[in-house]
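Asks: First, the structure itself, so that you have it in front of you.
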There are 2 protein chains.
Amino acid sequence: MERIAEGEYAVMEVLWDEAPLTAADVAARVPEDRGWSLATVKTMLSRLLAKGVLTHEEDGRRYLYRPAIRREDYVAEESGRLIDRMFGGRVPALVAQLAARDKLTPADIAEIEKLLKELKS
Amino acid sequence: MERIAEGEYAVMEVLWDEAPLTAADVAARVPEDRGWSLATVKTMLSRLLAKGVLTHEEDGRRYLYRPAIRREDYVAEESGRLIDRMFGGRVPALVAQLAARDKLTPADIAEIEKLLKELKS
DNA sequence: GAGGCAGAACTACATTTGTAATCGACAGGG
DNA sequence: CCCTGTCGATTACAAATGTAGTTCTGCCTC
């Protein structure tokens with residue numbers, strides 16, 4: 001699976017949330033703070049098509065875009081990559097790091113414990 | 001803190017592992033499979049210096065390089081970024097994802113549970 | 001003391017990414 | 001039927017990245 005750049009990812013997010021959409025629809029849904037023009041969004045869409053992570057179908061004179069890969073799959077790949085690179089593939093090392101940085105609220109801890117308990121059953 | 005590119009990161013790893021080192025030493029320690037020439041490593045070192053994440057001190061005619069930022073800090077920032085982007089900042093969502101993908105061995109689970117238990121004390 | 005080697009500094013060049021502008025085709029409104 | 005707005009396609013261009021090569025300058029060796 002091709003790598004998706006940071007900016008491109010914002011477009012994927014939109015389409016993972018709702019698809020199919022026209023280019024204009026995507027542009028309208030991209031987070032405001034990107035400050036992108038429609039042209040920029042169209043460039044992103046072309047590149048994502050070229051990378052094979054989007055498909056398009058014709059709808060009259062326009063295209064409707066939709067993701068060709070599942071969000072879960074991409075997210076899994078990216079997090080795996082990070083865990084491999086930064087934590088030697090060891091998930092507990094990641095959790096330890098988060099803990100050391102106070103990134104875990106008591107609610108998070110409870111939730112994770114619950115998850116793990118269910119896993120073992 | 002400046003963003004460190006993927007390739008540059010490999011150089012940082014070397015120096016986090018052992019420092020200070022000369023450019024040649026770094027080159028010798030970069031993972032084989034990168035297939036980098038000494039020149040490439042030197043370019044990386046310059047760019048990392050420019051980004052302010054390395055420092056160098058003179059050692060006669062050469063430089064000795066050492067990290068200017070701590071590995072833990074960088075790793076914390078990067079993992080935070082990923083968790084924000086892909087999991088809406090929710091760590092339990094990340095753990096759930098790993099679980100769903102069978103990325104957690106029973107040993108991992110036990111280790112994480114132990115970590116969390118200690119956190120609560 | 002001249003030649004060569006080792007270092008850093010500078011230069012090079014393709015690809016990817018961010019961020020558009022422009023072009024050519026066509027559909028719909030008047 | 002023609003104008004104009006809308007589409008996708010093509011082109012643009014700077015910054016970051018990957019991956020070196022080249023140059024200049026001393027130090028070491030013979």
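Residue numbers start at 1 in each chain; chains themselves are named A, B, ... in the order of the structure tokens; ligands are numbered from 1 in the order shown.
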Excluding region 10-20 of chain D and its own-chain neighbours fewer than 4 positions away, which residues fall within 9 Å of it when counting only C-alpha atoms (C1' of nucleotides)? Please give them as a count of residues only.

Replies: 17

Asks: At a cut-off of 7 Å, using only C-alpha atoms (C1' of nucleotides), what residues contact region 14-20 of chain B? Leave out same-chain residues fewer than 4 positions from it and give the result as a PyMOL selection string.

Replies: chain B and resi 10+26+29-30+64-67+71

Asks: Please measure the separation of CA of Glu32 (chain B) and CA of Phe87 (chain A), giving the value in Å to one decimal.

Replies: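 Atom-to-atom, CA of Glu32 (chain B) to CA of Phe87 (chain A), that is 19.7 Å.
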
Asks: Hey, which of A:Ala23, A:Leu116, A:Ile69, A:Val95 ends up closest to chain D? Count only C-alpha atoms (C1' of nucleotides).

Replies: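 Among the listed residues, the smallest separation from chain D belongs to A:Ala23.
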
Asks: I want to know what sits within 12 Å of Glu111 (chain B), based on only C-alpha atoms (C1' of nucleotides), with residues of the same chain fewer than 2 positions away left out; could you give that as a VMD selection string?

Replies: (chain A and resid 90 to 96 113 116) or (chain B and resid 104 to 109 113 to 118)

Asks: Now that the selection is made, can you save its residues with C-alpha atoms as an mmCIF file, in the first residue's frame?

Replies:
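part.cif, freshly written:
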```
data_model
loop_
_atom_site.group_PDB
_atom_site.id
_atom_site.type_symbol
_atom_site.label_atom_id
_atom_site.label_comp_id
_atom_site.auth_asym_id
_atom_site.auth_seq_id
_atom_site.Cartn_x
_atom_site.Cartn_y
_atom_site.Cartn_z
ATOM 1 C CA ARG A 90 7.171 -3.643 21.351
ATOM 2 C CA VAL A 91 3.736 -2.338 22.211
ATOM 3 C CA PRO A 92 4.387 -2.375 25.958
ATOM 4 C CA ALA A 93 7.254 0.019 25.357
ATOM 5 C CA LEU A 94 4.828 2.401 23.725
ATOM 6 C CA VAL A 95 2.407 2.136 26.602
ATOM 7 C CA ALA A 96 5.212 2.671 29.085
ATOM 8 C CA GLU A 113 -7.738 -2.656 31.319
ATOM 9 C CA LEU A 116 -7.341 -6.362 27.803
ATOM 10 C CA LEU B 104 -0.834 -8.056 21.240
ATOM 11 C CA THR B 105 0.722 -11.280 22.432
ATOM 12 C CA PRO B 106 -0.360 -12.689 25.782
ATOM 13 C CA ALA B 107 2.995 -11.555 27.118
ATOM 14 C CA ASP B 108 2.335 -8.030 25.880
ATOM 15 C CA ILE B 109 -1.044 -8.032 27.541
ATOM 16 C CA GLU B 113 -1.580 -4.826 32.690
ATOM 17 C CA LYS B 114 1.298 -4.806 35.095
ATOM 18 C CA LEU B 115 2.316 -1.340 33.953
ATOM 19 C CA LEU B 116 -1.172 -0.015 34.401
ATOM 20 C CA LYS B 117 -1.548 -1.549 37.804
ATOM 21 C CA GLU B 118 1.619 0.175 38.955
#
```

Asks: Please measure the separation of CA of Leu21 (chain A) and CA of Tyr63 (chain A), giving the value in Å to one decimal.

Replies: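 Between CA of Leu21 (chain A) and CA of Tyr63 (chain A) the gap is 8.1 Å.
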
Asks: Which value, in Å to one decimal, gives the distance between CA of Glu78 (chain B) and CA of Met1 (chain B)?

Replies: 10.7 Å

Asks: Give me, as a PDB file with C-alpha atoms (C1' of nucleotides), in the first residue's frame, all polymer residues having an atom no more than 10 Å from DA9 (chain C), counting only C-alpha atoms (C1' of nucleotides) and skipping those fewer than 3 positions away in the same chain.

Replies:
```
ATOM      1  CA  SER B  46      24.379  18.709   8.160  1.00  0.00           C
TER       2      SER B  46
ATOM      3  C1'  DT D  23      36.073  20.988  -3.948  1.00  0.00           C
ATOM      4  C1'  DC D  24      39.187  22.821  -0.834  1.00  0.00           C
TER       5       DC D  24
END
```

Asks: According to DSSP computed on the backbone, where in chain A is there helix (DSSP H, G or I)? Give the residues as a PyMOL selection string.

Replies: chain A and resi 6-17+23-29+32-34+38-50+71-87+91-100+106-120

Asks: What lies within 12 Å of Tyr9 (chain B) using only C-alpha atoms (C1' of nucleotides), ignoring chain neighbours under 6 positions off, as a count of residues only?

Replies: 22
